[in-house]
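Below is one structure, written out as structure tokens, with a few remarks after it.
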Amino acid sequence: MSTLRFPENFVWGAATAAYQIEGAATDDGRGPSIWDTFSRTPGRVHHGHTGDVACDHYHRYADDVALMAELGLKAYRFSVAWPRIQPDGSGPVNPRGLDFYDRLVDALLDRGIDPIVTLYHWDLPQSLQDRGGWTNRETAEHFATYATAVHARLGDRVGTWTTLNEPWCSAYLGYGNGVHAPGERDPGAAFTAVHHLLLGHGLAARALRAGGADTVGITVNPADVRPADPDSAADVAAVRLVDGLHNRIFLDPLLRAAYPEDVLEHVARIIEPTFVRDGDEKLIAAPIDLLGINYYAPTYVAGRPGGAGGSAYPGTEGAVEFLPPTGPLTDMGWMIEPAGLTRLLERIATDHPGVPLMVTENGAAFPDKAGADAPDGAGQVVDADRIAYLDGHLRAAHEAISRGVDLRGYLVWSLMDNFEWAEGYRRRFGIIHVDYLTQRRTPKSSARWYQEVISRNGL
Ligand code: PNW
């Protein structure tokens with residue numbers, strides 16, 4: 001009874017990230033990351049939660065892979081923890097850290113699940129942060145060295161490699177407004193970090209290619225920025241500014257080898273961009289085969305003198321008002337607007353033709369109440385709200401495909417409930433429920449629904 005079919009070979013999968021699920025924070029020589037430090041700093045993460053144990057996936061990966069197989073996943077996107085591979089961020093490689101990903105990749109391949117590797121999902125080795133982290137240009141070079149080491153070990157079995165996950169979050173939340181690790185609050189540092197993250201991507205992409213990687217890409221979280229009033233010139237100008245700071249500052253150097261002039265002018269009012277050296281933009285624009293798109297919610301803005309601006313958008317104070325989200329919200333307080341995904345995919349495909357896209361994250365947190373997002377008396381987790389969210393967004397993705405967007409796959413965020421960064425364990429994004437006291441996994445009804453979608457290749 002399927003009405004909406006997806007293209008043949010459409011990649012159906014799920015995603016996670018190392019610090020959010022692995023636990024085993026000191027096992028087998030893993031060094032500390034900025035998230036270990038940050039989560040231990042009082043007041044930074046909800047209730048002082050840390051990733052020390054998380055979902056204990058490091059020890060339970062085989063069972064987790066069996067669950068993925070049961071759901072029929074074609075692909076699984078996970079990240080490699082840099083501090084497991086190089087405990088000090090540079091210098092000797094720790095073979096025991098690589099061994100874990102080796103076992104994980106083999107377990108996935110045994111079950112016919114395609115591994116999609118993310119090399120950096122925010123867990124920077126603390127020793128590199130002690131030397132400035134992403135504000136230090138050398139971090140970009142260290143990242144390429146690390147990427148080479150991981151590829152040397154897994155490259156014979158992993159075809160799809162992405163460098164960074166959401167550099168916007170790393171730079172703006174990590175160095176700009178301090179909501180994420182390392183918790184710095186310095187707008188100039190945020191822009192410096194943007195550039196070094198992009199440079200790190202470019203250097204790593206080149207190294208991966210040189211090592212023979214099949215598919216090389218990056219995952220971004222572009223914003224669908226909308227005007228409060230499309231007929232207001234001030235609101236449209238605010239969209240342009242926020243779009244520049246969120247989207248074009250990443251997409252233009254990545255795919256057109258140049259930062260946009262208007263964005264550079266805005267940055268120069270906050271910090272002189274001397275960190276951009278001749279030739280950098282060329283390095284950043286190393287050819288990619290795949291652009292990963294993470295989408296959750298749209299952003300509505302108005303142009304308003306005296307507007308509060310957004311702490312995550314340096315220089316928007318006094319000019320932009322970010323509208324409070326309206327309508328039904330997820331447990332993150334995020335709007336539910338599937339049409340935003342269609343708009344975003346279409347816009348990127350139009351502005352940057354020829355780059356295959358994949359939704360590398362999409363999903364929702366909903367409150368953990370018995371029977372809704374936690375097991376009820378019968379052991380069921382009936383998350384109808386999540387099914388509705390995923391259904392709406394898959395329809396939106398399908399709409400983009402039917403308008404000509406080259407969308408290769410969709411990965412739900414997340415495979416299982418996990419450590420939701422500054423929100424700790426209180427926000428649950430999983431299609432598999434995790435009981436953190438027993439580490440018991442319970443597939444929610446959304447997981448069963450997704451299993452059906454995959455088996456029918458459609459809705
Ligand atoms: C993404 N924001 O993070 C990450 O890639 C995941 O690790 C995370 O669990 C997921 O989305 C859900 O949050 C984001 O404040 C965190 O706009 C914060 C924001 C966006 C994305």
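Lettering and numbering for the structure tokens are positional, with chains as A, B, ... in the shown order, residues counted from 1 in each chain, and ligands counted from 1 in the shown order.
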
So that each row is one residue of segment 329-401 of chain A with an atom at most 12 Å from segment 246-253 of chain A, can you give its shortest atom pair and the distance in Å to one decimal, using only C-alpha atoms, rows by chain and rising number, as JSON lines?
{"residue": "A:Leu344", "atom": "CA", "partner": "A:Asn247", "partner_atom": "CA", "distance": 10.5}
{"residue": "A:Arg347", "atom": "CA", "partner": "A:Asn247", "partner_atom": "CA", "distance": 11.1}
{"residue": "A:Ile348", "atom": "CA", "partner": "A:Leu251", "partner_atom": "CA", "distance": 8.8}
{"residue": "A:Ala349", "atom": "CA", "partner": "A:Leu251", "partner_atom": "CA", "distance": 11.5}
{"residue": "A:Asp351", "atom": "CA", "partner": "A:Leu251", "partner_atom": "CA", "distance": 9.4}
{"residue": "A:His352", "atom": "CA", "partner": "A:Leu251", "partner_atom": "CA", "distance": 8.5}
{"residue": "A:Val355", "atom": "CA", "partner": "A:Leu251", "partner_atom": "CA", "distance": 11.5}

I need the residues from that last selection saved to file as a tab-separated table (two decimals), in the first residue's frame (with N, CA, C and O atoms), if you can.
chain	number	residue	atom	x	y	z
A	344	LEU	N	15.30	23.80	2.17
A	344	LEU	CA	16.74	23.79	2.36
A	344	LEU	C	17.43	22.93	1.30
A	344	LEU	O	18.42	23.34	0.69
A	347	ARG	N	17.21	24.62	-2.10
A	347	ARG	CA	18.07	25.81	-2.17
A	347	ARG	C	19.54	25.41	-2.35
A	347	ARG	O	20.25	25.98	-3.19
A	348	ILE	N	19.99	24.41	-1.61
A	348	ILE	CA	21.39	24.01	-1.72
A	348	ILE	C	21.65	23.38	-3.09
A	348	ILE	O	22.66	23.65	-3.74
A	349	ALA	N	20.70	22.57	-3.55
A	349	ALA	CA	20.87	21.95	-4.86
A	349	ALA	C	20.90	22.99	-5.97
A	349	ALA	O	21.59	22.84	-6.97
A	351	ASP	N	21.83	26.35	-5.53
A	351	ASP	CA	23.02	27.19	-5.39
A	351	ASP	C	24.31	26.45	-5.71
A	351	ASP	O	25.29	27.06	-6.12
A	352	HIS	N	24.31	25.15	-5.44
A	352	HIS	CA	25.55	24.37	-5.60
A	352	HIS	C	25.24	23.09	-6.38
A	352	HIS	O	25.30	21.99	-5.84
A	355	VAL	N	26.42	18.49	-6.49
A	355	VAL	CA	26.91	17.81	-5.28
A	355	VAL	C	25.79	16.91	-4.73
A	355	VAL	O	24.75	17.40	-4.33

Within 7 Å of ligand 1, which residues of chain A show up? Give each one with its shortest atom-to-atom distance in Å (one decimal) and the two atoms involved, counting only C-alpha atoms and all ligand atoms, rows by chain then rising residue number, as a tab-separated table.
residue	atom	partner	partner_atom_place_in_ligand_line	distance
A:Ala17	CA	ligand 1	7 (O)	6.2
A:Asn165	CA	ligand 1	5 (O)	6.1
A:Glu166	CA	ligand 1	5 (O)	6.1
A:Cys169	CA	ligand 1	19 (C)	6.5
A:Asn221	CA	ligand 1	21 (C)	6.9
A:Trp413	CA	ligand 1	10 (C)	6.9
A:Glu420	CA	ligand 1	9 (O)	5.1
A:Trp421	CA	ligand 1	9 (O)	6.8

Output all heavy atoms of each residue in that selection to a file, as an mmCIF file, in the first residue's frame.
data_model
loop_
_atom_site.group_PDB
_atom_site.id
_atom_site.type_symbol
_atom_site.label_atom_id
_atom_site.label_comp_id
_atom_site.auth_asym_id
_atom_site.auth_seq_id
_atom_site.Cartn_x
_atom_site.Cartn_y
_atom_site.Cartn_z
ATOM 1 N N ALA A 17 26.906 9.606 17.615
ATOM 2 C CA ALA A 17 28.235 10.213 17.725
ATOM 3 C C ALA A 17 28.942 9.616 18.932
ATOM 4 O O ALA A 17 28.306 9.266 19.930
ATOM 5 C CB ALA A 17 28.130 11.726 17.872
ATOM 6 N N ASN A 165 31.407 17.125 11.631
ATOM 7 C CA ASN A 165 29.973 17.252 11.830
ATOM 8 C C ASN A 165 29.666 18.667 12.304
ATOM 9 O O ASN A 165 30.182 19.113 13.332
ATOM 10 C CB ASN A 165 29.490 16.268 12.896
ATOM 11 C CG ASN A 165 28.003 16.474 13.209
ATOM 12 O OD1 ASN A 165 27.141 16.138 12.414
ATOM 13 N ND2 ASN A 165 27.702 17.068 14.362
ATOM 14 N N GLU A 166 28.835 19.375 11.568
ATOM 15 C CA GLU A 166 28.295 20.670 11.991
ATOM 16 C C GLU A 166 29.349 21.635 12.537
ATOM 17 O O GLU A 166 29.330 21.996 13.726
ATOM 18 C CB GLU A 166 27.196 20.467 13.040
ATOM 19 C CG GLU A 166 26.041 19.624 12.568
ATOM 20 C CD GLU A 166 24.833 19.677 13.512
ATOM 21 O OE1 GLU A 166 24.943 20.296 14.574
ATOM 22 O OE2 GLU A 166 23.795 19.112 13.157
ATOM 23 N N CYS A 169 28.230 24.447 14.877
ATOM 24 C CA CYS A 169 28.104 24.220 16.326
ATOM 25 C C CYS A 169 29.464 24.316 17.005
ATOM 26 O O CYS A 169 29.611 24.966 18.044
ATOM 27 C CB CYS A 169 27.483 22.852 16.615
ATOM 28 S SG CYS A 169 25.733 22.747 16.217
ATOM 29 N N ASN A 221 25.059 21.843 9.117
ATOM 30 C CA ASN A 221 23.670 21.997 9.578
ATOM 31 C C ASN A 221 23.131 23.330 9.092
ATOM 32 O O ASN A 221 22.923 24.252 9.856
ATOM 33 C CB ASN A 221 23.551 21.881 11.104
ATOM 34 C CG ASN A 221 24.322 22.936 11.861
ATOM 35 O OD1 ASN A 221 25.465 23.245 11.509
ATOM 36 N ND2 ASN A 221 23.727 23.494 12.890
ATOM 37 N N TRP A 413 18.260 10.712 13.272
ATOM 38 C CA TRP A 413 18.926 11.016 14.531
ATOM 39 C C TRP A 413 17.903 10.792 15.622
ATOM 40 O O TRP A 413 16.926 11.503 15.664
ATOM 41 C CB TRP A 413 19.454 12.450 14.596
ATOM 42 C CG TRP A 413 20.215 12.634 15.879
ATOM 43 C CD1 TRP A 413 19.722 13.047 17.091
ATOM 44 C CD2 TRP A 413 21.606 12.332 16.091
ATOM 45 N NE1 TRP A 413 20.717 13.013 18.035
ATOM 46 C CE2 TRP A 413 21.869 12.586 17.457
ATOM 47 C CE3 TRP A 413 22.637 11.861 15.258
ATOM 48 C CZ2 TRP A 413 23.149 12.391 18.012
ATOM 49 C CZ3 TRP A 413 23.891 11.675 15.821
ATOM 50 C CH2 TRP A 413 24.134 11.949 17.172
ATOM 51 N N GLU A 420 22.653 14.131 25.198
ATOM 52 C CA GLU A 420 22.310 15.250 24.313
ATOM 53 C C GLU A 420 23.071 16.519 24.731
ATOM 54 O O GLU A 420 22.492 17.532 25.090
ATOM 55 C CB GLU A 420 20.787 15.445 24.270
ATOM 56 C CG GLU A 420 20.286 16.609 23.422
ATOM 57 C CD GLU A 420 20.842 16.701 22.002
ATOM 58 O OE1 GLU A 420 21.099 15.665 21.376
ATOM 59 O OE2 GLU A 420 21.022 17.837 21.537
ATOM 60 N N TRP A 421 24.393 16.445 24.698
ATOM 61 C CA TRP A 421 25.276 17.592 24.916
ATOM 62 C C TRP A 421 24.880 18.393 26.164
ATOM 63 O O TRP A 421 24.711 17.803 27.227
ATOM 64 C CB TRP A 421 25.344 18.449 23.636
ATOM 65 C CG TRP A 421 25.719 17.605 22.437
ATOM 66 C CD1 TRP A 421 24.937 17.310 21.358
ATOM 67 C CD2 TRP A 421 26.960 16.899 22.211
ATOM 68 N NE1 TRP A 421 25.617 16.488 20.477
ATOM 69 C CE2 TRP A 421 26.854 16.230 20.975
ATOM 70 C CE3 TRP A 421 28.168 16.773 22.922
ATOM 71 C CZ2 TRP A 421 27.886 15.448 20.445
ATOM 72 C CZ3 TRP A 421 29.199 15.991 22.398
ATOM 73 C CH2 TRP A 421 29.049 15.355 21.170
#

So which residues of segment 61-292 of chain A fall under strand (DSSP E or B) by DSSP, listed as an MDAnalysis selection string?
-> chainID A and resid 75:79 114:120 125 160:165 215:220 225:227 290:292

Among A:Lys444, A:Arg84, A:His196, A:Arg103, Gly133 of chain A is approached most closely, using only C-alpha atoms, by A:His196

Need to verify the contact set: segment 72-75 of chain A, 9 Å, only C-alpha atoms, exclusion of same-chain residues closer than 5 positions in sequence. Can you return it as a ChimeraX atom specification? /A:10-15,67,108,112-116,411,450-452,454-455

Using N, CA, C and O atoms, can you export the residues from the last selection as a PDB file, in the first residue's frame?
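Result written to result.pdb:
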ATOM      1  N   PHE A  10      18.236   3.965  -2.413  1.00  0.00           N
ATOM      2  CA  PHE A  10      18.203   5.047  -1.423  1.00  0.00           C
ATOM      3  C   PHE A  10      18.771   4.484  -0.121  1.00  0.00           C
ATOM      4  O   PHE A  10      18.453   3.365   0.290  1.00  0.00           O
ATOM      5  N   VAL A  11      19.640   5.278   0.515  1.00  0.00           N
ATOM      6  CA  VAL A  11      20.330   4.809   1.720  1.00  0.00           C
ATOM      7  C   VAL A  11      19.497   5.139   2.961  1.00  0.00           C
ATOM      8  O   VAL A  11      19.307   6.304   3.304  1.00  0.00           O
ATOM      9  N   TRP A  12      18.997   4.101   3.601  1.00  0.00           N
ATOM     10  CA  TRP A  12      18.225   4.280   4.835  1.00  0.00           C
ATOM     11  C   TRP A  12      19.112   3.932   6.018  1.00  0.00           C
ATOM     12  O   TRP A  12      19.708   2.860   6.049  1.00  0.00           O
ATOM     13  N   GLY A  13      19.173   4.831   6.990  1.00  0.00           N
ATOM     14  CA  GLY A  13      20.040   4.511   8.112  1.00  0.00           C
ATOM     15  C   GLY A  13      19.746   5.312   9.351  1.00  0.00           C
ATOM     16  O   GLY A  13      18.692   5.944   9.483  1.00  0.00           O
ATOM     17  N   ALA A  14      20.688   5.256  10.260  1.00  0.00           N
ATOM     18  CA  ALA A  14      20.590   5.993  11.517  1.00  0.00           C
ATOM     19  C   ALA A  14      21.973   6.487  11.881  1.00  0.00           C
ATOM     20  O   ALA A  14      22.981   5.978  11.387  1.00  0.00           O
ATOM     21  N   ALA A  15      22.001   7.492  12.764  1.00  0.00           N
ATOM     22  CA  ALA A  15      23.270   8.126  13.114  1.00  0.00           C
ATOM     23  C   ALA A  15      23.437   8.219  14.630  1.00  0.00           C
ATOM     24  O   ALA A  15      22.457   8.240  15.381  1.00  0.00           O
ATOM     25  N   LEU A  67      20.738  -5.024  16.742  1.00  0.00           N
ATOM     26  CA  LEU A  67      19.472  -4.271  16.685  1.00  0.00           C
ATOM     27  C   LEU A  67      19.333  -3.523  15.363  1.00  0.00           C
ATOM     28  O   LEU A  67      18.254  -3.480  14.768  1.00  0.00           O
ATOM     29  N   LEU A 108      29.453  -4.452  11.499  1.00  0.00           N
ATOM     30  CA  LEU A 108      28.482  -3.846  10.571  1.00  0.00           C
ATOM     31  C   LEU A 108      28.512  -4.573   9.232  1.00  0.00           C
ATOM     32  O   LEU A 108      27.464  -4.933   8.680  1.00  0.00           O
ATOM     33  N   GLY A 112      25.806  -6.669   6.743  1.00  0.00           N
ATOM     34  CA  GLY A 112      25.427  -5.983   5.502  1.00  0.00           C
ATOM     35  C   GLY A 112      25.062  -4.519   5.693  1.00  0.00           C
ATOM     36  O   GLY A 112      24.307  -3.949   4.905  1.00  0.00           O
ATOM     37  N   ILE A 113      25.585  -3.908   6.758  1.00  0.00           N
ATOM     38  CA  ILE A 113      25.300  -2.488   7.020  1.00  0.00           C
ATOM     39  C   ILE A 113      26.520  -1.667   6.615  1.00  0.00           C
ATOM     40  O   ILE A 113      27.645  -1.962   7.018  1.00  0.00           O
ATOM     41  N   ASP A 114      26.281  -0.639   5.805  1.00  0.00           N
ATOM     42  CA  ASP A 114      27.361   0.174   5.273  1.00  0.00           C
ATOM     43  C   ASP A 114      27.808   1.198   6.322  1.00  0.00           C
ATOM     44  O   ASP A 114      27.008   1.999   6.775  1.00  0.00           O
ATOM     45  N   PRO A 115      29.078   1.170   6.716  1.00  0.00           N
ATOM     46  CA  PRO A 115      29.539   2.170   7.688  1.00  0.00           C
ATOM     47  C   PRO A 115      29.789   3.530   7.039  1.00  0.00           C
ATOM     48  O   PRO A 115      30.393   3.611   5.974  1.00  0.00           O
ATOM     49  N   ILE A 116      29.292   4.588   7.674  1.00  0.00           N
ATOM     50  CA  ILE A 116      29.577   5.955   7.240  1.00  0.00           C
ATOM     51  C   ILE A 116      30.314   6.618   8.402  1.00  0.00           C
ATOM     52  O   ILE A 116      29.750   6.774   9.479  1.00  0.00           O
ATOM     53  N   LEU A 411      19.295   9.568   7.192  1.00  0.00           N
ATOM     54  CA  LEU A 411      19.745   8.907   8.419  1.00  0.00           C
ATOM     55  C   LEU A 411      19.022   9.542   9.595  1.00  0.00           C
ATOM     56  O   LEU A 411      19.113  10.757   9.804  1.00  0.00           O
ATOM     57  N   TYR A 450       9.870   2.617  11.257  1.00  0.00           N
ATOM     58  CA  TYR A 450      10.988   2.883  10.351  1.00  0.00           C
ATOM     59  C   TYR A 450      11.401   1.590   9.628  1.00  0.00           C
ATOM     60  O   TYR A 450      11.712   1.602   8.438  1.00  0.00           O
ATOM     61  N   GLN A 451      11.385   0.496  10.379  1.00  0.00           N
ATOM     62  CA  GLN A 451      11.705  -0.812   9.807  1.00  0.00           C
ATOM     63  C   GLN A 451      10.793  -1.100   8.596  1.00  0.00           C
ATOM     64  O   GLN A 451      11.247  -1.558   7.550  1.00  0.00           O
ATOM     65  N   GLU A 452       9.511  -0.781   8.754  1.00  0.00           N
ATOM     66  CA  GLU A 452       8.529  -0.963   7.674  1.00  0.00           C
ATOM     67  C   GLU A 452       8.841  -0.053   6.489  1.00  0.00           C
ATOM     68  O   GLU A 452       8.782  -0.474   5.334  1.00  0.00           O
ATOM     69  N   ILE A 454      11.657   1.163   5.626  1.00  0.00           N
ATOM     70  CA  ILE A 454      12.852   0.676   4.941  1.00  0.00           C
ATOM     71  C   ILE A 454      12.502  -0.523   4.071  1.00  0.00           C
ATOM     72  O   ILE A 454      12.892  -0.611   2.914  1.00  0.00           O
ATOM     73  N   SER A 455      11.712  -1.440   4.642  1.00  0.00           N
ATOM     74  CA  SER A 455      11.446  -2.668   3.876  1.00  0.00           C
ATOM     75  C   SER A 455      10.582  -2.361   2.646  1.00  0.00           C
ATOM     76  O   SER A 455      10.659  -3.062   1.656  1.00  0.00           O
TER      77      SER A 455
END

Where does segment 188-238 of chain A meet segment 117-120 of chain A within 12 Å, residue by residue, with the nearest atom pair and distance in Å to one decimal for each, counting only C-alpha atoms, listed by chain and rising number, as a Markdown table?
| residue | atom | partner | partner_atom | distance |
| --- | --- | --- | --- | --- |
| A:Leu197 | CA | A:Tyr120 | CA | 10.1 |
| A:Gly200 | CA | A:Tyr120 | CA | 10.3 |
| A:His201 | CA | A:Tyr120 | CA | 9.6 |
| A:Ala204 | CA | A:Leu119 | CA | 9.4 |
| A:Ala205 | CA | A:Leu119 | CA | 10.7 |
| A:Leu208 | CA | A:Leu119 | CA | 11.0 |
| A:Ala213 | CA | A:Val117 | CA | 11.4 |
| A:Thr215 | CA | A:Val117 | CA | 10.5 |
| A:Val216 | CA | A:Val117 | CA | 9.9 |
| A:Gly217 | CA | A:Thr118 | CA | 9.2 |
| A:Ile218 | CA | A:Thr118 | CA | 8.2 |
| A:Thr219 | CA | A:Thr118 | CA | 8.4 |
| A:Val220 | CA | A:Thr118 | CA | 11.7 |

Item checked: Within 10 Å of Pro305 of chain A using only C-alpha atoms, minus same-chain residues under 3 positions, as a PyMOL selection string -> chain A and resi 234+302+308-309+317-321

Go through segment 120-256 of chain A and collect every residue that DSSP, computed from the backbone, puts in alpha helix (DSSP H); the answer should be as an MDAnalysis selection string.
-> chainID A and resid 126:130 137:154 167:168 187:210 233:243 249:256

Min atom-atom distance to Ala190 of chain A from the set A:Arg77, A:Val65, A:Gly404, A:Tyr172, counting only C-alpha atoms, belongs to A:Tyr172

### Message
Could you list, as a VMD selection string, every residue within 12 Å of Gln439 of chain A, counting only C-alpha atoms and ignoring same-chain residues fewer than 4 positions away?
### Response
chain A and resid 21 to 23 53 to 57 59 to 60 63 to 64 416 to 418 432 to 435

- Task: For segment 374-389 of chain A, work out the shell of residues within 9 Å, counting only C-alpha atoms and skipping chain neighbours fewer than 3 positions away, then give it as a ChimeraX atom specification.
- Result: /A:330,336-338,363-371,392-394,429,431-435,442-447,449-450

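Taking atom CA of Gly159 of chain A and atom CA of Arg209 of chain A as the two end points, the separation is 11.2 Å.
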
Closest of A:Leu459, A:Arg131, A:Pro95, A:Ala107 to Tyr61 of chain A, counting only C-alpha atoms, is A:Ala107

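Rounded to one decimal, atom CA of Leu415 of chain A and atom CA of Thr16 of chain A lie 6.4 Å from each other.
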
Counting only C-alpha atoms, what are the residues of segment 83-140 of chain A within 10 Å of segment 175-185 of chain A, and for each of them which pair of atoms is the nearest and at what distance in Å, to one decimal? Sort the table by chain and rising number, as a Markdown table.
| residue | atom | partner | partner_atom | distance |
| --- | --- | --- | --- | --- |
| A:Trp122 | CA | A:Ala181 | CA | 8.0 |
| A:Asp123 | CA | A:Ala181 | CA | 8.5 |
| A:Leu124 | CA | A:Pro182 | CA | 9.0 |
| A:Gln126 | CA | A:Pro182 | CA | 9.0 |
| A:Gln129 | CA | A:Pro182 | CA | 7.7 |
| A:Gly132 | CA | A:Pro182 | CA | 10.0 |
| A:Gly133 | CA | A:Pro182 | CA | 8.5 |
| A:Trp134 | CA | A:Tyr175 | CA | 8.7 |
| A:Thr135 | CA | A:Tyr175 | CA | 8.6 |

With distances taken over only C-alpha atoms, the candidate from A:Ala25, A:Val359, A:Ile293, A:Ala422 nearest Ala223 of chain A is A:Ile293
